[in-house]
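Participant: See final-v4.pdb below, with PDB, N, CA and C atoms, pLDDT in the B column.
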ATOM      1  N   MET A   1       0.975 -22.565   8.243  1.00 64.00           N
ATOM      2  CA  MET A   1       0.002 -21.826   7.476  1.00 64.00           C
ATOM      3  C   MET A   1      -0.471 -20.614   8.285  1.00 64.00           C
ATOM      4  N   LEU A   2      -0.643 -19.499   7.589  1.00 74.00           N
ATOM      5  CA  LEU A   2      -1.073 -18.282   8.257  1.00 74.00           C
ATOM      6  C   LEU A   2      -2.569 -18.296   8.536  1.00 74.00           C
ATOM      7  N   ALA A   3      -2.939 -17.773   9.688  1.00 80.00           N
ATOM      8  CA  ALA A   3      -4.359 -17.645  10.013  1.00 80.00           C
ATOM      9  C   ALA A   3      -4.954 -16.505   9.198  1.00 80.00           C
ATOM     10  N   LYS A   4      -6.266 -16.521   9.053  1.00 87.00           N
ATOM     11  CA  LYS A   4      -6.940 -15.480   8.283  1.00 87.00           C
ATOM     12  C   LYS A   4      -6.942 -14.161   9.039  1.00 87.00           C
ATOM     13  N   LEU A   5      -6.786 -13.085   8.282  1.00 88.00           N
ATOM     14  CA  LEU A   5      -6.902 -11.763   8.872  1.00 88.00           C
ATOM     15  C   LEU A   5      -8.369 -11.477   9.168  1.00 88.00           C
ATOM     16  N   ARG A   6      -8.627 -10.841  10.289  1.00 88.00           N
ATOM     17  CA  ARG A   6      -9.999 -10.471  10.638  1.00 88.00           C
ATOM     18  C   ARG A   6     -10.463  -9.311   9.772  1.00 88.00           C
ATOM     19  N   ARG A   7     -11.750  -9.174   9.625  1.00 90.00           N
ATOM     20  CA  ARG A   7     -12.331  -7.996   8.977  1.00 90.00           C
ATOM     21  C   ARG A   7     -12.398  -6.914  10.051  1.00 90.00           C
ATOM     22  N   LEU A   8     -11.626  -5.870   9.876  1.00 93.00           N
ATOM     23  CA  LEU A   8     -11.520  -4.838  10.896  1.00 93.00           C
ATOM     24  C   LEU A   8     -11.954  -3.487  10.348  1.00 93.00           C
ATOM     25  N   SER A   9     -12.509  -2.668  11.213  1.00 95.00           N
ATOM     26  CA  SER A   9     -12.827  -1.287  10.849  1.00 95.00           C
ATOM     27  C   SER A   9     -11.588  -0.433  11.139  1.00 95.00           C
ATOM     28  N   ALA A  10     -11.623   0.789  10.673  1.00 95.00           N
ATOM     29  CA  ALA A  10     -10.509   1.706  10.927  1.00 95.00           C
ATOM     30  C   ALA A  10     -10.316   1.912  12.422  1.00 95.00           C
ATOM     31  N   ARG A  11     -11.408   2.063  13.156  1.00 95.00           N
ATOM     32  CA  ARG A  11     -11.311   2.281  14.607  1.00 95.00           C
ATOM     33  C   ARG A  11     -10.649   1.087  15.299  1.00 95.00           C
ATOM     34  N   GLU A  12     -10.958  -0.138  14.865  1.00 95.00           N
ATOM     35  CA  GLU A  12     -10.346  -1.327  15.474  1.00 95.00           C
ATOM     36  C   GLU A  12      -8.849  -1.378  15.167  1.00 95.00           C
ATOM     37  N   VAL A  13      -8.465  -1.046  13.940  1.00 95.00           N
ATOM     38  CA  VAL A  13      -7.042  -1.028  13.563  1.00 95.00           C
ATOM     39  C   VAL A  13      -6.315   0.039  14.365  1.00 95.00           C
ATOM     40  N   ILE A  14      -6.916   1.215  14.487  1.00 95.00           N
ATOM     41  CA  ILE A  14      -6.290   2.299  15.243  1.00 95.00           C
ATOM     42  C   ILE A  14      -6.150   1.919  16.715  1.00 95.00           C
ATOM     43  N   ALA A  15      -7.124   1.210  17.269  1.00 95.00           N
ATOM     44  CA  ALA A  15      -7.041   0.769  18.659  1.00 95.00           C
ATOM     45  C   ALA A  15      -5.867  -0.189  18.864  1.00 95.00           C
ATOM     46  N   ILE A  16      -5.656  -1.107  17.917  1.00 94.00           N
ATOM     47  CA  ILE A  16      -4.527  -2.033  18.006  1.00 94.00           C
ATOM     48  C   ILE A  16      -3.214  -1.263  17.923  1.00 94.00           C
ATOM     49  N   LEU A  17      -3.133  -0.326  16.981  1.00 95.00           N
ATOM     50  CA  LEU A  17      -1.894   0.434  16.805  1.00 95.00           C
ATOM     51  C   LEU A  17      -1.600   1.314  18.021  1.00 95.00           C
ATOM     52  N   THR A  18      -2.610   1.984  18.564  1.00 95.00           N
ATOM     53  CA  THR A  18      -2.369   2.852  19.722  1.00 95.00           C
ATOM     54  C   THR A  18      -2.003   2.048  20.967  1.00 95.00           C
ATOM     55  N   ALA A  19      -2.505   0.826  21.066  1.00 94.00           N
ATOM     56  CA  ALA A  19      -2.133  -0.034  22.192  1.00 94.00           C
ATOM     57  C   ALA A  19      -0.673  -0.456  22.117  1.00 94.00           C
ATOM     58  N   HIS A  20      -0.070  -0.303  20.938  1.00 92.00           N
ATOM     59  CA  HIS A  20       1.323  -0.704  20.750  1.00 92.00           C
ATOM     60  C   HIS A  20       2.230   0.486  20.427  1.00 92.00           C
ATOM     61  N   GLY A  21       1.883   1.654  20.960  1.00 90.00           N
ATOM     62  CA  GLY A  21       2.804   2.785  20.917  1.00 90.00           C
ATOM     63  C   GLY A  21       2.582   3.806  19.824  1.00 90.00           C
ATOM     64  N   PHE A  22       1.582   3.636  18.979  1.00 93.00           N
ATOM     65  CA  PHE A  22       1.315   4.625  17.940  1.00 93.00           C
ATOM     66  C   PHE A  22       0.381   5.690  18.487  1.00 93.00           C
ATOM     67  N   VAL A  23       0.519   6.912  17.984  1.00 94.00           N
ATOM     68  CA  VAL A  23      -0.378   8.008  18.344  1.00 94.00           C
ATOM     69  C   VAL A  23      -0.871   8.664  17.061  1.00 94.00           C
ATOM     70  N   GLU A  24      -2.091   9.182  17.114  1.00 93.00           N
ATOM     71  CA  GLU A  24      -2.640   9.872  15.953  1.00 93.00           C
ATOM     72  C   GLU A  24      -1.882  11.181  15.766  1.00 93.00           C
ATOM     73  N   ALA A  25      -1.271  11.339  14.590  1.00 92.00           N
ATOM     74  CA  ALA A  25      -0.470  12.522  14.312  1.00 92.00           C
ATOM     75  C   ALA A  25      -1.279  13.580  13.574  1.00 92.00           C
ATOM     76  N   ARG A  26      -2.077  13.137  12.603  1.00 93.00           N
ATOM     77  CA  ARG A  26      -2.864  14.086  11.817  1.00 93.00           C
ATOM     78  C   ARG A  26      -3.933  13.337  11.036  1.00 93.00           C
ATOM     79  N   GLN A  27      -4.851  14.108  10.469  1.00 93.00           N
ATOM     80  CA  GLN A  27      -5.880  13.525   9.615  1.00 93.00           C
ATOM     81  C   GLN A  27      -6.100  14.461   8.447  1.00 93.00           C
ATOM     82  N   ARG A  28      -6.202  13.881   7.267  1.00 93.00           N
ATOM     83  CA  ARG A  28      -6.514  14.665   6.080  1.00 93.00           C
ATOM     84  C   ARG A  28      -7.615  13.932   5.339  1.00 93.00           C
ATOM     85  N   GLY A  29      -8.779  14.511   5.320  1.00 93.00           N
ATOM     86  CA  GLY A  29      -9.919  13.846   4.693  1.00 93.00           C
ATOM     87  C   GLY A  29     -10.260  12.586   5.460  1.00 93.00           C
ATOM     88  N   SER A  30     -10.328  11.467   4.738  1.00 94.00           N
ATOM     89  CA  SER A  30     -10.704  10.211   5.379  1.00 94.00           C
ATOM     90  C   SER A  30      -9.497   9.350   5.734  1.00 94.00           C
ATOM     91  N   HIS A  31      -8.285   9.921   5.748  1.00 95.00           N
ATOM     92  CA  HIS A  31      -7.084   9.157   6.067  1.00 95.00           C
ATOM     93  C   HIS A  31      -6.448   9.685   7.347  1.00 95.00           C
ATOM     94  N   ILE A  32      -6.152   8.768   8.255  1.00 95.00           N
ATOM     95  CA  ILE A  32      -5.589   9.119   9.555  1.00 95.00           C
ATOM     96  C   ILE A  32      -4.149   8.623   9.596  1.00 95.00           C
ATOM     97  N   ALA A  33      -3.222   9.514   9.934  1.00 96.00           N
ATOM     98  CA  ALA A  33      -1.809   9.166  10.033  1.00 96.00           C
ATOM     99  C   ALA A  33      -1.464   8.916  11.495  1.00 96.00           C
ATOM    100  N   LEU A  34      -0.842   7.762  11.752  1.00 95.00           N
ATOM    101  CA  LEU A  34      -0.384   7.426  13.097  1.00 95.00           C
ATOM    102  C   LEU A  34       1.129   7.266  13.058  1.00 95.00           C
ATOM    103  N   GLN A  35       1.786   7.704  14.136  1.00 93.00           N
ATOM    104  CA  GLN A  35       3.237   7.614  14.203  1.00 93.00           C
ATOM    105  C   GLN A  35       3.663   7.003  15.531  1.00 93.00           C
ATOM    106  N   ALA A  36       4.819   6.362  15.488  1.00 89.00           N
ATOM    107  CA  ALA A  36       5.443   5.811  16.696  1.00 89.00           C
ATOM    108  C   ALA A  36       6.938   6.055  16.591  1.00 89.00           C
ATOM    109  N   THR A  37       7.592   6.164  17.730  1.00 77.00           N
ATOM    110  CA  THR A  37       9.044   6.294  17.742  1.00 77.00           C
ATOM    111  C   THR A  37       9.616   4.967  18.214  1.00 77.00           C
ATOM    112  N   ASP A  38      10.479   4.370  17.389  1.00 71.00           N
ATOM    113  CA  ASP A  38      11.073   3.093  17.783  1.00 71.00           C
ATOM    114  C   ASP A  38      12.429   3.322  18.447  1.00 71.00           C
ATOM    115  N   GLU A  39      13.104   2.231  18.772  1.00 71.00           N
ATOM    116  CA  GLU A  39      14.358   2.323  19.522  1.00 71.00           C
ATOM    117  C   GLU A  39      15.492   2.976  18.745  1.00 71.00           C
ATOM    118  N   ASP A  40      15.399   3.065  17.412  1.00 73.00           N
ATOM    119  CA  ASP A  40      16.436   3.706  16.605  1.00 73.00           C
ATOM    120  C   ASP A  40      16.121   5.173  16.338  1.00 73.00           C
ATOM    121  N   ASP A  41      15.161   5.722  17.062  1.00 73.00           N
ATOM    122  CA  ASP A  41      14.685   7.095  16.883  1.00 73.00           C
ATOM    123  C   ASP A  41      14.136   7.339  15.487  1.00 73.00           C
ATOM    124  N   LYS A  42      13.694   6.281  14.826  1.00 76.00           N
ATOM    125  CA  LYS A  42      12.991   6.424  13.559  1.00 76.00           C
ATOM    126  C   LYS A  42      11.517   6.613  13.890  1.00 76.00           C
ATOM    127  N   THR A  43      10.795   7.212  12.988  1.00 81.00           N
ATOM    128  CA  THR A  43       9.382   7.469  13.224  1.00 81.00           C
ATOM    129  C   THR A  43       8.557   6.799  12.135  1.00 81.00           C
ATOM    130  N   PRO A  44       8.189   5.527  12.329  1.00 86.00           N
ATOM    131  CA  PRO A  44       7.350   4.888  11.317  1.00 86.00           C
ATOM    132  C   PRO A  44       5.971   5.537  11.289  1.00 86.00           C
ATOM    133  N   THR A  45       5.500   5.828  10.091  1.00 92.00           N
ATOM    134  CA  THR A  45       4.181   6.428   9.909  1.00 92.00           C
ATOM    135  C   THR A  45       3.291   5.435   9.192  1.00 92.00           C
ATOM    136  N   VAL A  46       2.093   5.274   9.688  1.00 95.00           N
ATOM    137  CA  VAL A  46       1.113   4.366   9.102  1.00 95.00           C
ATOM    138  C   VAL A  46      -0.127   5.174   8.778  1.00 95.00           C
ATOM    139  N   ILE A  47      -0.604   5.057   7.544  1.00 95.00           N
ATOM    140  CA  ILE A  47      -1.818   5.747   7.119  1.00 95.00           C
ATOM    141  C   ILE A  47      -2.974   4.750   7.141  1.00 95.00           C
ATOM    142  N   VAL A  48      -4.034   5.083   7.870  1.00 96.00           N
ATOM    143  CA  VAL A  48      -5.201   4.206   7.983  1.00 96.00           C
ATOM    144  C   VAL A  48      -6.397   4.924   7.364  1.00 96.00           C
ATOM    145  N   PRO A  49      -7.016   4.339   6.334  1.00 95.00           N
ATOM    146  CA  PRO A  49      -8.224   4.957   5.792  1.00 95.00           C
ATOM    147  C   PRO A  49      -9.377   4.794   6.774  1.00 95.00           C
ATOM    148  N   ASN A  50     -10.134   5.848   6.994  1.00 94.00           N
ATOM    149  CA  ASN A  50     -11.224   5.831   7.969  1.00 94.00           C
ATOM    150  C   ASN A  50     -12.473   5.228   7.326  1.00 94.00           C
ATOM    151  N   HIS A  51     -12.459   3.901   7.160  1.00 94.00           N
ATOM    152  CA  HIS A  51     -13.559   3.185   6.534  1.00 94.00           C
ATOM    153  C   HIS A  51     -14.188   2.213   7.530  1.00 94.00           C
ATOM    154  N   LYS A  52     -15.413   1.790   7.238  1.00 94.00           N
ATOM    155  CA  LYS A  52     -16.088   0.819   8.104  1.00 94.00           C
ATOM    156  C   LYS A  52     -15.391  -0.526   8.057  1.00 94.00           C
ATOM    157  N   GLU A  53     -14.820  -0.875   6.909  1.00 95.00           N
ATOM    158  CA  GLU A  53     -14.092  -2.134   6.774  1.00 95.00           C
ATOM    159  C   GLU A  53     -12.838  -1.904   5.931  1.00 95.00           C
ATOM    160  N   ILE A  54     -11.696  -2.291   6.474  1.00 95.00           N
ATOM    161  CA  ILE A  54     -10.419  -2.147   5.782  1.00 95.00           C
ATOM    162  C   ILE A  54     -10.227  -3.357   4.872  1.00 95.00           C
ATOM    163  N   ARG A  55      -9.892  -3.137   3.620  1.00 94.00           N
ATOM    164  CA  ARG A  55      -9.659  -4.240   2.692  1.00 94.00           C
ATOM    165  C   ARG A  55      -8.423  -5.036   3.119  1.00 94.00           C
ATOM    166  N   THR A  56      -8.397  -6.302   2.733  1.00 92.00           N
ATOM    167  CA  THR A  56      -7.325  -7.208   3.162  1.00 92.00           C
ATOM    168  C   THR A  56      -5.952  -6.716   2.716  1.00 92.00           C
ATOM    169  N   GLY A  57      -5.818  -6.295   1.472  1.00 94.00           N
ATOM    170  CA  GLY A  57      -4.529  -5.810   0.965  1.00 94.00           C
ATOM    171  C   GLY A  57      -4.063  -4.574   1.702  1.00 94.00           C
ATOM    172  N   THR A  58      -4.986  -3.689   2.017  1.00 95.00           N
ATOM    173  CA  THR A  58      -4.661  -2.476   2.767  1.00 95.00           C
ATOM    174  C   THR A  58      -4.234  -2.845   4.182  1.00 95.00           C
ATOM    175  N   LEU A  59      -4.913  -3.803   4.787  1.00 95.00           N
ATOM    176  CA  LEU A  59      -4.559  -4.241   6.134  1.00 95.00           C
ATOM    177  C   LEU A  59      -3.166  -4.866   6.148  1.00 95.00           C
ATOM    178  N   ARG A  60      -2.853  -5.668   5.133  1.00 95.00           N
ATOM    179  CA  ARG A  60      -1.498  -6.252   5.040  1.00 95.00           C
ATOM    180  C   ARG A  60      -0.442  -5.157   4.942  1.00 95.00           C
ATOM    181  N   SER A  61      -0.733  -4.111   4.189  1.00 95.00           N
ATOM    182  CA  SER A  61       0.194  -2.997   4.056  1.00 95.00           C
ATOM    183  C   SER A  61       0.374  -2.268   5.387  1.00 95.00           C
ATOM    184  N   ILE A  62      -0.707  -2.070   6.112  1.00 95.00           N
ATOM    185  CA  ILE A  62      -0.642  -1.419   7.422  1.00 95.00           C
ATOM    186  C   ILE A  62       0.214  -2.248   8.379  1.00 95.00           C
ATOM    187  N   ILE A  63       0.028  -3.567   8.361  1.00 94.00           N
ATOM    188  CA  ILE A  63       0.810  -4.456   9.228  1.00 94.00           C
ATOM    189  C   ILE A  63       2.290  -4.358   8.880  1.00 94.00           C
ATOM    190  N   ARG A  64       2.596  -4.375   7.594  1.00 94.00           N
ATOM    191  CA  ARG A  64       3.996  -4.302   7.139  1.00 94.00           C
ATOM    192  C   ARG A  64       4.618  -2.971   7.560  1.00 94.00           C
ATOM    193  N   GLN A  65       3.906  -1.872   7.367  1.00 93.00           N
ATOM    194  CA  GLN A  65       4.436  -0.551   7.716  1.00 93.00           C
ATOM    195  C   GLN A  65       4.608  -0.378   9.223  1.00 93.00           C
ATOM    196  N   SER A  66       3.700  -0.941  10.000  1.00 92.00           N
ATOM    197  CA  SER A  66       3.749  -0.770  11.456  1.00 92.00           C
ATOM    198  C   SER A  66       4.813  -1.653  12.105  1.00 92.00           C
ATOM    199  N   GLN A  67       5.226  -2.703  11.417  1.00 90.00           N
ATOM    200  CA  GLN A  67       6.216  -3.665  11.919  1.00 90.00           C
ATOM    201  C   GLN A  67       5.719  -4.380  13.169  1.00 90.00           C
ATOM    202  N   LEU A  68       4.402  -4.471  13.318  1.00 91.00           N
ATOM    203  CA  LEU A  68       3.805  -5.226  14.418  1.00 91.00           C
ATOM    204  C   LEU A  68       3.558  -6.658  13.963  1.00 91.00           C
ATOM    205  N   PRO A  69       3.483  -7.607  14.893  1.00 92.00           N
ATOM    206  CA  PRO A  69       3.220  -8.998  14.496  1.00 92.00           C
ATOM    207  C   PRO A  69       1.829  -9.155  13.883  1.00 92.00           C
ATOM    208  N   ARG A  70       1.763  -9.945  12.847  1.00 92.00           N
ATOM    209  CA  ARG A  70       0.511 -10.190  12.129  1.00 92.00           C
ATOM    210  C   ARG A  70      -0.550 -10.810  13.044  1.00 92.00           C
ATOM    211  N   GLU A  71      -0.119 -11.566  14.058  1.00 92.00           N
ATOM    212  CA  GLU A  71      -1.035 -12.260  14.950  1.00 92.00           C
ATOM    213  C   GLU A  71      -2.014 -11.303  15.644  1.00 92.00           C
ATOM    214  N   LEU A  72      -1.629 -10.057  15.818  1.00 92.00           N
ATOM    215  CA  LEU A  72      -2.512  -9.078  16.462  1.00 92.00           C
ATOM    216  C   LEU A  72      -3.766  -8.804  15.634  1.00 92.00           C
ATOM    217  N   PHE A  73      -3.678  -9.049  14.333  1.00 92.00           N
ATOM    218  CA  PHE A  73      -4.756  -8.720  13.419  1.00 92.00           C
ATOM    219  C   PHE A  73      -5.482  -9.965  12.885  1.00 92.00           C
ATOM    220  N   GLU A  74      -5.085 -11.149  13.342  1.00 88.00           N
ATOM    221  CA  GLU A  74      -5.647 -12.391  12.825  1.00 88.00           C
ATOM    222  C   GLU A  74      -6.865 -12.831  13.621  1.00 88.00           C
ATOM    223  N   SER A  75      -7.695 -13.658  12.966  1.00 74.00           N
ATOM    224  CA  SER A  75      -8.855 -14.241  13.663  1.00 74.00           C
ATOM    225  C   SER A  75      -8.364 -15.358  14.577  1.00 74.00           C
ATOM    226  N   GLU A  76      -9.136 -15.628  15.583  1.00 63.00           N
ATOM    227  CA  GLU A  76      -8.709 -16.599  16.601  1.00 63.00           C
ATOM    228  C   GLU A  76      -9.143 -17.982  16.309  1.00 63.00           C
TER
END
What's the structure tokens form of this structure?

Facilitator:
Amino acid sequence: MLAKLRRLSAREVIAILTAHGFVEARQRGSHIALQATDEDDKTPTVIVPNHKEIRTGTLRSIIRQSQLPRELFESE
């Protein structure tokens, strides 16, 4: 069974992503784009809304796009 996702702010999500190789590429309005270069020279882009609390569905989408393990975003 999967553990529950934590309630995270945009800053907390961005901190997790930057710790795993993503860098802030640009910002337009309240959305921040982060990019990373993987081993295949592809550049996955993840858009994070700059909100106090990221909704669960949006967080799941961010996890899927970033290709990072879900455990990084789960409650302990």

Participant: Go through A:Thr18, A:Gln35, A:Ser75, A:Gln65 one by one, measure the shortest atom-to-atom distance of each to Leu2 of chain A using only C-alpha atoms, and give the residue with the smallest value.

Facilitator: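 Looking only at the distances to Leu2 of chain A, the closest residue turns out to be A:Ser75.
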
Participant: Measuring atom to atom with only N, CA and C atoms, identify which of A:Ala36, A:Ala10, A:Ile47, A:Ile63 is nearest to Phe22 of chain A.

Facilitator: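 With only N, CA and C atoms as the atom set, the closest residue is A:Ala36.
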
Participant: With distances taken over only N, CA and C atoms, which of A:Pro69, A:Arg28, A:Arg6, A:Ser61 is nearest to Val46 of chain A?

Facilitator: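 Using only N, CA and C atoms, the shortest distance to Val46 of chain A belongs to A:Ser61.
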
Participant: Just the residues within 12 Å of Ala3 of chain A, please, counting only C-alpha atoms, with nothing from its chain fewer than 2 positions along; format it as a count of residues only.

Facilitator: 10

Participant: Once 6 Å is added on each side, what centre and edge lengths in Å to one decimal does the axis-aligned box around all listed atoms of segment 46-62 of chain A have, as JSON?

Facilitator:
{"center_x": -7.0, "center_y": -0.7, "center_z": 5.3, "size_x": 30.2, "size_y": 25.1, "size_z": 20.7}

Participant: I need the residues in chain A that are strand (DSSP E) according to DSSP; give them as a count of residues only.

Facilitator: 16

Participant: Between atom C of Arg55 of chain A and atom CA of Gln67 of chain A, what distance in Å does the model show, to one decimal?

Facilitator: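 Distance reported for this atom pair: 17.1 Å.
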
Participant: Name every residue that the PyMOL selection byres ((chain A and resi 9) around 7) selects in this structure, writing the answer as a list in words with chains first and numbers rising.

Facilitator: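 Listing what the PyMOL selection byres ((chain A and resi 9) around 7) selects in the shown file: Arg7, Leu8, Ala10, Arg11, Glu12, Val13, Ile14, Asn50, His51, Lys52, Glu53 and Ile54 of chain A.
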
Participant: Between atom CA of Asp40 of chain A and atom N of Arg26 of chain A, measure the distance and give it in Å to one decimal.

Facilitator: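 About the pair atom CA of Asp40 of chain A and atom N of Arg26 of chain A: they are 21.2 Å apart.
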
Participant: Report the distance between atom N of Thr37 of chain A and atom C of Thr56 of chain A in Å, rounded to one decimal place.

Facilitator: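 We find that atom N of Thr37 of chain A and atom C of Thr56 of chain A lie 24.0 Å from each other.
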
Participant: Between A:Asp41, A:Ala33, A:Pro49, A:Leu17, which residue has the minimum interatomic distance to Ser66 of chain A, considering all atoms listed in the file?

Facilitator: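 Of the candidates, the smallest distance to Ser66 of chain A is held by A:Leu17.
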